[in-house]
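Asker: Quick one: structure below, then a few questions.
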Amino acid sequence: MKSENGHNSNSSFTARVWSILLPLATILLPLTSQLLLLNSCTSIDCPVQNRVYTVYNLVKSDATTDTIEVDTLTITSHRANGTDTTLLNRLSRFTTYELDISYSQPEDTFFYELRDTLGGVYLDTVWIKKENTPHFESVDCQATFFHRLTAVRSTHNIIDTIRIINPIVNYDASIQHFNIHFKARY
């Protein structure tokens with residue numbers, strides 16, 4: 001349909017609408033995208049419990065729970081930068097304990113020192129091989145690694161046996177990863 005001036009009225013109406021919407025869109029589109037980005041960043045919930053560690057269960061030779069009552073256990077390790085760090089210091093009266101593991105090393109080494117009340121000092125070394133998998137939650141969250149335990153061994157000076165009972169290491173703090181049985185000391 002043609003208007004009085006000979007132009008198509010639908011095309012002139014469309015041109016007028018676009019002349020209004022286009023400047024408005026150039027203002028609203030960047031503002032809307034920024035608001036969406038800000039809103040999406042603040043809605044990410046990073047896990048509160050983001051510590052990844054292994055849990056050790058003390059067991060007797062018959063697989064029942066063992067307790068170290070009066071003896072003390074100290075565990076140290078070498079860091080990637082070559083320095084030593086104490087992970088547990090004189091722990092006593094326990095049936096389980098937790099150890100942090102490295103993020104990206106393929107094998108961790110732990111040095112055990114068990115002291116009894118008679119003055120005896122027992123040393124052992126534990127090596128844990130693992131596969132490391134980066135775990136991504138969000139750019140807003142701290143970087144973490146999950147692990148799959150593949151092997152464990154010790155020098156067997158004071159540790160009789162150590163076995164992997166659950167190879168998956170992640171945020172789940174209820175999972176026990178190792179059963180460890182110490183030799184008789186008295």
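By order of appearance in the structure tokens: chains A, B, ..., then residues from 1 within every chain, and ligands from 1 in the order shown.
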Using DSSP assignments from the backbone, pull out every residue in segment 29-134 of chain A that falls under strand (DSSP E) and give it to me as a ChimeraX atom specification.
Answerer: /A:53-58,72-78,84-91,96-100,107-115,121-134
Asker: Which residues of segment 113-157 of chain A come within 12 Å of segment 171-184 of chain A, and what is each one's closest atom pair and distance in Å (one decimal), counting only C-alpha atoms, sorted by chain and residue number, as a tab-separated table?
Answerer:
residue	atom	partner	partner_atom	distance
A:Glu113	CA	A:Phe182	CA	11.8
A:Leu114	CA	A:Phe182	CA	9.7
A:Asp116	CA	A:Ala184	CA	11.2
A:Tyr122	CA	A:Lys183	CA	10.2
A:Leu123	CA	A:Phe182	CA	11.3
A:Asp124	CA	A:Phe182	CA	10.3
A:Val126	CA	A:Ile180	CA	10.8
A:Ile128	CA	A:Phe178	CA	10.6
A:His135	CA	A:Tyr171	CA	10.5
A:Thr144	CA	A:Tyr171	CA	9.7
A:Phe145	CA	A:Tyr171	CA	9.8
A:Phe146	CA	A:Tyr171	CA	8.0
A:His147	CA	A:Tyr171	CA	10.4
A:Arg148	CA	A:His177	CA	10.3
A:Leu149	CA	A:His177	CA	8.6
A:Thr150	CA	A:His177	CA	11.4
A:Ala151	CA	A:Phe178	CA	10.9
A:Val152	CA	A:Phe178	CA	9.2
A:Arg153	CA	A:Ile180	CA	11.0
A:Ser154	CA	A:Ile180	CA	10.6
A:Thr155	CA	A:Phe182	CA	11.9
A:His156	CA	A:Lys183	CA	8.6
A:Asn157	CA	A:Lys183	CA	8.2
Asker: Calculated over only C-alpha atoms, which of the candidates A:Asn166, A:Thr83, A:Asn132, A:Thr76 has the smallest distance to Thr109 of chain A?
Answerer: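 Distance minimum relative to Thr109 of chain A lands on A:Thr76.
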Asker: By how many Å are atom CA of Leu73 of chain A and atom CA of Ile101 of chain A apart?
Answerer: 17.7 Å
Asker: As a PyMOL selection string, please: every residue in chain A that DSSP puts in helix (DSSP H, G or I).
Answerer: chain A and resi 9-42
Asker: When you draw a straight line from atom CA of Val59 of chain A to atom CA of Asp84 of chain A, how long is it in Å?
Answerer: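 So the answer is 28.1 Å.
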